[in-house]
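Dumped input.txt below, it's compact mmCIF, C-alpha atoms and all ligand atoms:
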# COMPACT_ATOMS: atom_id res chain seq x y z
CA MET A 1 39.27 47.17 -30.26
CA SER A 2 36.32 49.00 -28.65
CA ILE A 3 33.51 46.93 -27.05
CA GLN A 4 31.23 48.03 -29.93
CA GLN A 5 33.70 46.60 -32.45
CA ASP A 6 34.14 43.41 -30.38
CA ILE A 7 30.36 42.87 -30.18
CA ALA A 8 29.80 43.67 -33.90
CA LYS A 9 32.63 41.30 -34.90
CA LEU A 10 31.30 38.46 -32.73
CA ARG A 11 27.72 39.06 -33.99
CA GLN A 12 28.85 38.88 -37.63
CA GLU A 13 30.82 35.70 -36.91
CA ILE A 14 27.75 34.05 -35.37
CA GLN A 15 25.52 35.20 -38.25
CA ARG A 16 28.03 33.70 -40.69
CA HIS A 17 27.87 30.35 -38.87
CA GLU A 18 24.04 30.56 -38.78
CA ARG A 19 23.94 30.95 -42.57
CA LEU A 20 26.45 28.14 -43.07
CA TYR A 21 24.52 25.76 -40.81
CA TYR A 22 20.87 26.61 -41.51
CA VAL A 23 20.89 27.98 -45.06
CA ALA A 24 23.85 26.32 -46.77
CA ASP A 25 23.65 23.08 -44.72
CA ALA A 26 27.45 23.27 -44.53
CA PRO A 27 28.42 23.98 -40.89
CA GLU A 28 32.09 24.78 -40.14
CA ILE A 29 31.81 24.42 -36.32
CA SER A 30 29.99 22.05 -33.96
CA ASP A 31 26.70 22.90 -32.21
CA GLN A 32 28.63 23.18 -28.94
CA GLU A 33 31.13 25.70 -30.38
CA TYR A 34 28.19 27.64 -31.88
CA ASP A 35 26.35 27.70 -28.52
CA LYS A 36 29.56 28.88 -26.81
CA LEU A 37 29.86 31.83 -29.23
CA LEU A 38 26.18 32.67 -28.63
CA GLN A 39 26.65 32.59 -24.84
CA GLU A 40 29.68 34.88 -25.20
CA LEU A 41 27.59 37.38 -27.20
CA GLN A 42 24.72 37.05 -24.72
CA ALA A 43 27.10 37.92 -21.84
CA MET A 44 28.56 40.93 -23.69
CA GLU A 45 25.05 42.23 -24.55
CA THR A 46 23.87 41.75 -20.96
CA ALA A 47 26.84 43.86 -19.82
CA HIS A 48 26.13 46.44 -22.55
CA PRO A 49 22.34 46.38 -23.24
CA GLU A 50 22.62 49.66 -25.17
CA LEU A 51 24.59 47.77 -27.83
CA VAL A 52 21.87 45.16 -28.58
CA THR A 53 20.54 45.33 -32.18
CA PRO A 54 17.22 43.86 -33.42
CA ASP A 55 19.06 41.51 -35.80
CA SER A 56 21.36 40.10 -33.13
CA PRO A 57 21.13 36.28 -32.98
CA THR A 58 20.33 36.68 -29.26
CA GLN A 59 17.04 38.35 -30.28
CA ARG A 60 15.68 35.28 -32.04
CA VAL A 61 13.87 33.92 -29.00
CA GLY A 62 12.75 37.17 -27.47
CA GLY A 63 9.02 37.68 -27.43
CA ALA A 64 6.80 37.06 -24.40
CA PRO A 65 3.85 34.67 -24.99
CA LEU A 66 0.97 36.34 -26.86
CA GLU A 67 -2.71 36.28 -25.81
CA LYS A 68 -3.68 35.66 -29.44
CA PHE A 69 -2.35 36.32 -32.96
CA ALA A 70 -3.21 39.62 -34.62
CA SER A 71 -4.74 39.36 -38.09
CA VAL A 72 -2.73 41.06 -40.84
CA ALA A 73 -3.66 41.83 -44.47
CA HIS A 74 -1.17 40.71 -47.14
CA GLN A 75 0.06 43.57 -49.36
CA GLN A 76 -0.34 41.21 -52.34
CA PRO A 77 -2.63 38.18 -51.94
CA LEU A 78 -0.99 34.79 -51.67
CA TYR A 79 -2.48 32.85 -54.57
CA SER A 80 -3.08 29.12 -54.51
CA LEU A 81 -2.09 26.73 -57.28
CA ASP A 82 -4.40 24.73 -59.52
CA ASN A 83 -3.73 21.01 -59.23
CA ALA A 84 -2.94 18.38 -61.87
CA PHE A 85 -3.59 14.79 -60.77
CA SER A 86 -2.47 13.07 -63.97
CA LEU A 87 -0.18 13.57 -66.96
CA ALA A 88 -3.36 14.21 -68.98
CA ASP A 89 -4.19 17.16 -66.69
CA LEU A 90 -0.64 18.35 -67.20
CA ALA A 91 -0.92 18.09 -70.99
CA GLU A 92 -4.11 20.16 -70.84
CA PHE A 93 -2.29 22.83 -68.82
CA ASP A 94 0.60 22.89 -71.33
CA THR A 95 -1.77 23.08 -74.32
CA ARG A 96 -3.72 25.97 -72.75
CA ALA A 97 -0.52 27.85 -71.88
CA ARG A 98 0.97 27.34 -75.39
CA LYS A 99 -2.25 28.62 -76.92
CA GLY A 100 -2.27 31.67 -74.63
CA LEU A 101 1.33 32.42 -75.62
CA ALA A 102 1.07 31.28 -79.25
CA ALA A 103 4.17 29.22 -78.49
CA ALA A 104 5.16 25.81 -79.86
CA GLU A 105 7.11 24.94 -76.73
CA ILE A 106 7.37 26.52 -73.28
CA GLU A 107 10.40 26.76 -70.96
CA TYR A 108 9.22 25.73 -67.50
CA ILE A 109 10.97 25.65 -64.15
CA CYS A 110 10.10 22.62 -62.02
CA GLU A 111 10.50 22.39 -58.25
CA LEU A 112 9.59 20.07 -55.42
CA LYS A 113 6.33 21.03 -53.72
CA ILE A 114 7.24 21.22 -50.03
CA ASP A 115 4.56 19.82 -47.72
CA GLY A 116 4.52 22.55 -45.11
CA LEU A 117 2.72 25.85 -44.63
CA ALA A 118 3.14 29.03 -46.64
CA VAL A 119 4.32 32.26 -45.00
CA SER A 120 5.02 35.77 -46.20
CA LEU A 121 8.00 37.78 -44.82
CA ILE A 122 8.31 41.57 -44.99
CA TYR A 123 11.72 43.26 -44.82
CA GLU A 124 12.03 47.03 -44.38
CA GLN A 125 15.43 48.60 -45.02
CA GLY A 126 16.82 45.07 -44.85
CA LEU A 127 15.33 44.28 -41.41
CA PHE A 128 12.79 41.47 -40.91
CA THR A 129 9.74 43.38 -39.60
CA LEU A 130 6.68 41.17 -40.17
CA GLY A 131 5.91 37.52 -40.87
CA ALA A 132 2.44 36.12 -41.48
CA THR A 133 0.77 32.81 -42.24
CA ARG A 134 -1.07 32.45 -45.56
CA GLY A 135 -4.49 32.42 -43.87
CA ASP A 136 -7.16 32.76 -46.57
CA GLY A 137 -4.64 34.25 -49.00
CA LYS A 138 -5.78 37.81 -48.31
CA LYS A 139 -5.34 37.92 -44.51
CA GLY A 140 -3.14 35.81 -42.28
CA GLU A 141 -1.92 35.67 -38.68
CA ASN A 142 0.98 37.79 -37.48
CA VAL A 143 3.51 35.17 -36.32
CA THR A 144 6.59 37.42 -36.52
CA GLU A 145 8.03 36.50 -33.10
CA ASN A 146 7.74 32.81 -33.90
CA LEU A 147 9.31 33.16 -37.34
CA LYS A 148 12.29 34.96 -35.76
CA THR A 149 13.15 31.64 -34.09
CA VAL A 150 13.53 29.95 -37.52
CA ARG A 151 17.32 30.05 -38.09
CA ALA A 152 16.91 29.75 -41.89
CA ILE A 153 15.15 33.15 -41.86
CA PRO A 154 17.68 36.03 -41.88
CA LEU A 155 16.85 38.80 -39.37
CA ARG A 156 18.73 41.27 -41.58
CA LEU A 157 19.49 41.16 -45.33
CA PRO A 158 22.96 41.95 -46.73
CA GLU A 159 21.45 45.09 -48.28
CA ALA A 160 19.10 47.67 -46.72
CA ARG A 161 16.13 47.15 -49.06
CA ASP A 162 12.36 46.81 -48.75
CA ILE A 163 11.24 43.44 -50.03
CA VAL A 164 8.60 40.73 -49.53
CA VAL A 165 9.49 37.05 -49.84
CA ARG A 166 7.34 33.95 -49.59
CA GLY A 167 8.13 30.38 -48.80
CA GLU A 168 7.18 27.22 -47.02
CA ILE A 169 7.77 26.53 -43.34
CA TYR A 170 8.40 22.83 -42.80
CA MET A 171 9.79 20.40 -40.24
CA LYS A 172 12.49 17.87 -41.15
CA ARG A 173 11.39 14.24 -40.74
CA SER A 174 14.35 13.66 -38.39
CA ASP A 175 13.07 16.49 -36.11
CA PHE A 176 9.46 15.32 -36.45
CA GLN A 177 10.43 11.84 -35.20
CA LYS A 178 11.58 13.37 -31.88
CA LEU A 179 8.12 14.91 -31.35
CA GLU A 180 4.94 13.41 -29.93
CA GLY A 181 1.36 14.33 -30.66
CA PHE A 182 1.37 15.13 -34.37
CA ALA A 183 0.22 12.92 -37.27
CA ASN A 184 2.82 14.17 -39.77
CA PRO A 185 5.58 16.79 -40.21
CA ARG A 186 3.17 19.25 -41.82
CA ASN A 187 0.81 19.25 -38.87
CA ALA A 188 3.81 19.47 -36.53
CA ALA A 189 5.11 22.51 -38.42
CA ALA A 190 1.70 24.20 -38.43
CA GLY A 191 1.11 23.43 -34.75
CA SER A 192 4.59 24.66 -33.81
CA LEU A 193 4.37 27.89 -35.81
CA ARG A 194 1.01 28.75 -34.24
CA GLN A 195 2.26 28.47 -30.64
CA LEU A 196 1.52 31.61 -28.64
CA ASP A 197 4.83 31.20 -26.79
CA PRO A 198 7.85 31.71 -29.11
CA LYS A 199 10.04 29.68 -26.71
CA ILE A 200 8.01 26.59 -27.60
CA THR A 201 8.33 27.35 -31.33
CA ALA A 202 12.10 27.81 -30.89
CA ALA A 203 12.39 24.35 -29.37
CA ARG A 204 10.62 22.76 -32.35
CA ARG A 205 13.35 23.32 -35.00
CA LEU A 206 11.28 24.70 -37.89
CA ASP A 207 12.90 25.26 -41.27
CA MET A 208 12.03 27.23 -44.41
CA PHE A 209 12.48 27.01 -48.18
CA CYS A 210 11.95 30.35 -49.91
CA TYR A 211 10.29 30.21 -53.35
CA SER A 212 9.11 33.65 -54.31
CA VAL A 213 10.33 37.22 -54.09
CA LEU A 214 8.13 40.21 -54.97
CA ALA A 215 10.77 42.23 -56.85
CA GLU A 216 11.75 43.03 -60.45
CA HIS A 217 13.25 40.13 -62.42
CA GLN A 218 12.95 38.75 -65.96
CA THR A 219 12.73 35.05 -65.22
CA GLN A 220 11.74 32.90 -62.28
CA GLU A 221 15.33 31.63 -62.19
CA GLU A 222 16.66 35.20 -61.82
CA GLY A 223 14.27 35.60 -58.90
CA TYR A 224 15.89 32.56 -57.28
CA GLN A 225 19.39 34.03 -57.78
CA LEU A 226 18.17 37.12 -55.90
CA ILE A 227 16.64 35.01 -53.11
CA GLN A 228 19.98 33.18 -52.71
CA LYS A 229 21.95 36.47 -52.76
CA LEU A 230 19.71 37.82 -49.97
CA GLY A 231 20.60 34.84 -47.76
CA PHE A 232 17.43 32.75 -47.91
CA LYS A 233 17.36 28.98 -48.22
CA LEU A 234 16.37 27.72 -51.64
CA ASN A 235 15.50 24.14 -52.43
CA PRO A 236 18.45 22.86 -54.52
CA HIS A 237 16.49 20.48 -56.79
CA ARG A 238 14.82 22.94 -59.19
CA ARG A 239 15.34 22.34 -62.92
CA ILE A 240 14.65 24.30 -66.10
CA CYS A 241 12.51 22.00 -68.32
CA ARG A 242 11.97 22.88 -71.98
CA GLY A 243 8.61 21.43 -73.06
CA LEU A 244 6.13 18.99 -71.53
CA ALA A 245 8.26 15.86 -72.04
CA ALA A 246 11.09 17.30 -69.91
CA VAL A 247 8.56 18.16 -67.18
CA GLU A 248 7.20 14.61 -67.22
CA LYS A 249 10.76 13.26 -66.95
CA TYR A 250 11.39 15.42 -63.85
CA ILE A 251 8.09 14.27 -62.30
CA GLN A 252 8.98 10.62 -62.91
CA GLU A 253 12.50 11.02 -61.51
CA TRP A 254 11.31 12.63 -58.26
CA GLU A 255 8.37 10.27 -57.72
CA THR A 256 10.85 7.90 -56.04
CA ARG A 257 13.90 10.11 -55.33
CA ARG A 258 11.85 12.32 -52.95
CA ARG A 259 11.64 9.46 -50.43
CA GLU A 260 15.37 9.88 -49.75
CA LEU A 261 14.85 13.51 -48.65
CA ASP A 262 14.66 14.56 -44.99
CA TYR A 263 11.42 16.51 -45.61
CA ASP A 264 7.97 15.69 -46.99
CA THR A 265 6.89 16.75 -50.47
CA ASP A 266 3.43 16.23 -51.96
CA GLY A 267 4.07 17.06 -55.59
CA ILE A 268 5.90 19.18 -58.13
CA VAL A 269 5.36 22.89 -58.80
CA ILE A 270 5.67 23.76 -62.48
CA LYS A 271 6.02 27.44 -63.40
CA ILE A 272 6.59 29.18 -66.73
CA ASN A 273 10.09 30.62 -66.39
CA SER A 274 9.54 33.90 -68.31
CA ILE A 275 7.99 36.64 -66.16
CA ALA A 276 6.74 38.38 -69.32
CA ALA A 277 4.88 35.16 -70.27
CA GLN A 278 3.52 34.92 -66.70
CA GLN A 279 2.22 38.48 -66.97
CA LYS A 280 0.68 37.73 -70.38
CA LEU A 281 -1.27 34.76 -68.99
CA GLY A 282 -2.17 36.36 -65.66
CA PHE A 283 -4.49 34.81 -63.07
CA THR A 284 -7.96 33.21 -62.85
CA THR A 285 -10.04 34.26 -59.83
CA LYS A 286 -7.94 32.09 -57.53
CA ALA A 287 -4.82 30.84 -59.24
CA PRO A 288 -2.12 31.76 -61.79
CA ARG A 289 -2.58 30.46 -65.35
CA TRP A 290 1.23 30.17 -65.61
CA ALA A 291 1.77 27.59 -62.87
CA ILE A 292 0.34 24.28 -61.73
CA ALA A 293 0.97 21.79 -58.95
CA TYR A 294 1.30 18.17 -60.05
CA LYS A 295 0.23 16.04 -57.09
CA TYR A 296 1.63 12.56 -56.49
CA ALA A 297 -0.86 9.94 -55.36
CA PRO A 298 -0.89 10.00 -51.51
CA GLU A 299 1.59 7.46 -50.11
CA GLN A 300 -0.14 4.38 -48.69
CA ALA A 301 0.23 4.90 -44.93
CA VAL A 302 2.67 2.27 -43.66
CA THR A 303 0.56 0.51 -41.01
N1 LIG A 401 0.82 28.02 -53.25
C1 LIG A 401 1.93 28.32 -53.95
O1 LIG A 401 1.99 29.25 -54.71
C2 LIG A 401 3.13 27.45 -53.75
C3 LIG A 401 3.29 26.44 -52.85
C4 LIG A 401 4.56 25.84 -52.92
C5 LIG A 401 5.08 24.78 -52.13
N2 LIG A 401 4.33 24.19 -51.17
N3 LIG A 401 6.34 24.33 -52.32
C6 LIG A 401 7.13 24.87 -53.27
C7 LIG A 401 6.67 25.90 -54.09
C8 LIG A 401 7.57 26.47 -55.13
N4 LIG A 401 8.79 25.97 -55.22
O2 LIG A 401 7.17 27.38 -55.83
C9 LIG A 401 5.38 26.39 -53.89
S1 LIG A 401 4.55 27.67 -54.71
Conversion result in structure tokens:
Amino acid sequence: MSIQQDIAKLRQEIQRHERLYYVADAPEISDQEYDKLLQELQAMETAHPELVTPDSPTQRVGGAPLEKFASVAHQQPLYSLDNAFSLADLAEFDTRARKGLAAAEIEYICELKIDGLAVSLIYEQGLFTLGATRGDGKKGENVTENLKTVRAIPLRLPEARDIVVRGEIYMKRSDFQKLEGFANPRNAAAGSLRQLDPKITAARRLDMFCYSVLAEHQTQEEGYQLIQKLGFKLNPHRRICRGLAAVEKYIQEWETRRRELDYDTDGIVIKINSIAAQQKLGFTTKAPRWAIAYKYAPEQAVT
């Protein structure tokens, strides 16, 4: 085989293992074997620099340290969610939504609210070209080079399409415990993402759950199928809940179950599943009328 074919084959093999390990949480090889493959690719690319591609796994920790982060405007603002602090707040939300839709019962999709920081990723012709923090919702910081070091973020999609996805950058508790100087995993994730030197970010093991894709789909759930097909990591615990009682049951179940997870959550995100219904209800000045975040009472700090 030609050197081009050898390099392309090895690159695809490494990208397959990256997806297995960081997106599917189902590695087939050990870290050492993975590192060995990466070193082999690194050596081949050093010998043939003209064959390096922007999506090569060797390009994840590339950028030189920045002086500062450039500000970047979001194509579509990142909205925030209204909060519900009690089941009564939740009932009010459900009543308002049913009135707006003239519906007796609403099909919701419930998901864990990840306690991290929101980012927006732009892909052009399938290539990851820009990543930004939420900022004030309208403008954020360009942290593209740092997001390239997050192995759960694909550098190239399986299809050459333009798309914008959003999600939450977080740090696993097990990785947080190895770090000094941060009060909690969320602060550690925020502090690590906003490092001017991508090499420091790369060493911090950030992760990402994707939860929104700006593309055509009929239901929220269909949007998640697309996100999965494109190779992003999706939190596996979402559930379709028909009516308020089913939502309350999910909230109750995860109040305790979430403590077994290796990442922090601070509540439950409840969205109306039908996109048509979402469009009918629209937004207030700052938040969607078709979604709400139920917040658990803050855990008593274990002193
Ligand atoms: N601010 C927002 O719109 C969201 C914030 C979050 C979050 N922190 N975690 C999960 C989701 C989700 N699954 O939709 C959302 S949506």
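Nearest to ligand LIG 401 (chain A) of all the residues A:Glu299, A:Glu168, A:Glu92, A:Asp262 is A:Glu168, based on all atoms listed in the file.
Using only C-alpha atoms, the contacts of Ala188 in chain A at a cut-off of 9 Å, with sequence neighbours closer than 3 positions omitted, comprise Tyr170, Met171, Phe176, Leu179, Gly181, Phe182, Ala183, Asn184, Pro185, Gly191, Ser192, Leu193 and Arg204 of chain A.
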(request) Measuring atom to atom with only C-alpha atoms, identify which of A:Glu260, A:Glu18, A:Glu216, A:Glu248 is nearest to Thr149 in chain A. (result)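 Among the listed residues, the smallest separation from Thr149 in chain A belongs to A:Glu18.
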(message) So that I can check the surroundings of Pro298 in chain A, please list as a list in words every protein, DNA and RNA residue that reaches within 12 Å of it, counting all atoms listed in the file and ignoring chain neighbours fewer than 5 positions away.
(response) Phe85, Asp115, Glu255, Asp264, Thr265, Asp266 and Gly267 of chain A
Using all atoms listed in the file, what does the table of chain A residues within 6 Å of ligand LIG 401 (chain A) look like, with each row giving the shortest atom pair and its distance in Å to one decimal, sorted by chain and ascending number, as a tab-separated table?
residue	atom	partner	partner_atom	distance
A:Tyr79	CA	A:LIG401	O1	5.7
A:Ser80	CA	A:LIG401	N1	4.2
A:Leu81	CA	A:LIG401	N1	5.1
A:Glu111	CA	A:LIG401	N4	5.0
A:Leu112	CA	A:LIG401	C6	5.8
A:Lys113	CA	A:LIG401	N3	3.6
A:Ile114	CA	A:LIG401	N3	4.0
A:Asp115	CA	A:LIG401	N2	5.6
A:Glu168	CA	A:LIG401	N2	5.9
A:Tyr211	CA	A:LIG401	N4	4.9
A:Val269	CA	A:LIG401	C8	5.6
(message) Calculated over all atoms listed in the file, which of the candidates A:Lys229, A:Val150, A:Gly137, A:Asp162 has the smallest distance to Ile122 in chain A?
(response) A:Asp162
(message) For a test of reading the model, state the distance in Å between CA of Leu214 in chain A and CA of Ile240 in chain A, rounded to one decimal.
(response)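 Rounded to one decimal, the two atoms are 20.5 Å apart.
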(request) Go through A:Ala189, A:Ala132, A:Ala97, A:Ile163 one by one, measure the shortest atom-to-atom distance of each to Ser71 in chain A using all atoms listed in the file, and give the residue with the smallest value. (result) A:Ala132
(message) So, with all atoms listed in the file as the atoms that count, which of A:Ala102, A:Ala70, A:Val52, A:Leu37 lies closest to Leu281 in chain A?
(response)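 The answer is A:Ala102, which sits nearest to Leu281 in chain A.
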(request) Kindly indicate which residue among A:Thr284, A:Gln15, A:Gln218, A:Ser120 lies nearest to Gly135 in chain A, using only C-alpha atoms for the distances. (result)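 Ranking A:Thr284, A:Gln15, A:Gln218, A:Ser120 by distance to Gly135 in chain A, first place goes to A:Ser120.
Taking all atoms listed in the file, the non-local environment of Leu261 in chain A within 10 Å (same-chain residues fewer than 4 positions away omitted) comprises Lys172, Arg173, Arg257 and Thr265 of chain A.
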(message) Around the point (7.2, 32.0, -66.6) (coordinates from the file), which residues reach within 8 Å if we count all atoms listed in the file? Answer as a PyMOL selection string.
(response) chain A and resi 107-109+219-220+271-278+290-291
(message) I'd like the neighbourhood of Ala160 in chain A as a PyMOL selection string, where a residue qualifies if any of its atoms comes within 9 Å (using all atoms listed in the file), though same-chain residues fewer than 5 positions away should be ignored.
(response) chain A and resi 123-127
(request) Find the spatial neighbours of Phe128 in chain A, counting only C-alpha atoms, within a cut-off of 12 Å - ignore same-chain residues fewer than 4 positions away - and output them as an MDAnalysis selection string. (result) chainID A and resid 54:56 59:60 120:124 132 144:145 147:149 153:165 230
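For the atom pair formed by CA of Asp35 in chain A and CA of Val23 in chain A, the distance is 17.4 Å, given to one decimal.
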(message) What's the separation between CA of Thr133 in chain A and CA of Ala203 in chain A, in Å to one decimal place?
(response) 19.3 Å
Using only C-alpha atoms, can you list as a CSV table (one decimal) with C-alpha atoms, in the coordinates of the input the residues within 12 Å of (-1.6, 10.8, -65.8)?
chain,number,residue,atom,x,y,z
A,84,ALA,CA,-2.9,18.4,-61.9
A,85,PHE,CA,-3.6,14.8,-60.8
A,86,SER,CA,-2.5,13.1,-64.0
A,87,LEU,CA,-0.2,13.6,-67.0
A,88,ALA,CA,-3.4,14.2,-69.0
A,89,ASP,CA,-4.2,17.2,-66.7
A,90,LEU,CA,-0.6,18.4,-67.2
A,91,ALA,CA,-0.9,18.1,-71.0
A,92,GLU,CA,-4.1,20.2,-70.8
A,248,GLU,CA,7.2,14.6,-67.2
A,251,ILE,CA,8.1,14.3,-62.3
A,252,GLN,CA,9.0,10.6,-62.9
A,294,TYR,CA,1.3,18.2,-60.0
A,295,LYS,CA,0.2,16.0,-57.1
A,296,TYR,CA,1.6,12.6,-56.5
A,297,ALA,CA,-0.9,9.9,-55.4
Go ahead and fit an axis-aligned box to every listed atom of range 60-74 of chain A plus 5 Å each side, and pass me the centre and edge lengths in Å, one decimal, as lines of an AutoDock Vina configuration file.
center_x = 5.5
center_y = 37.9
center_z = -35.8
size_x = 30.4
size_y = 17.9
size_z = 32.7
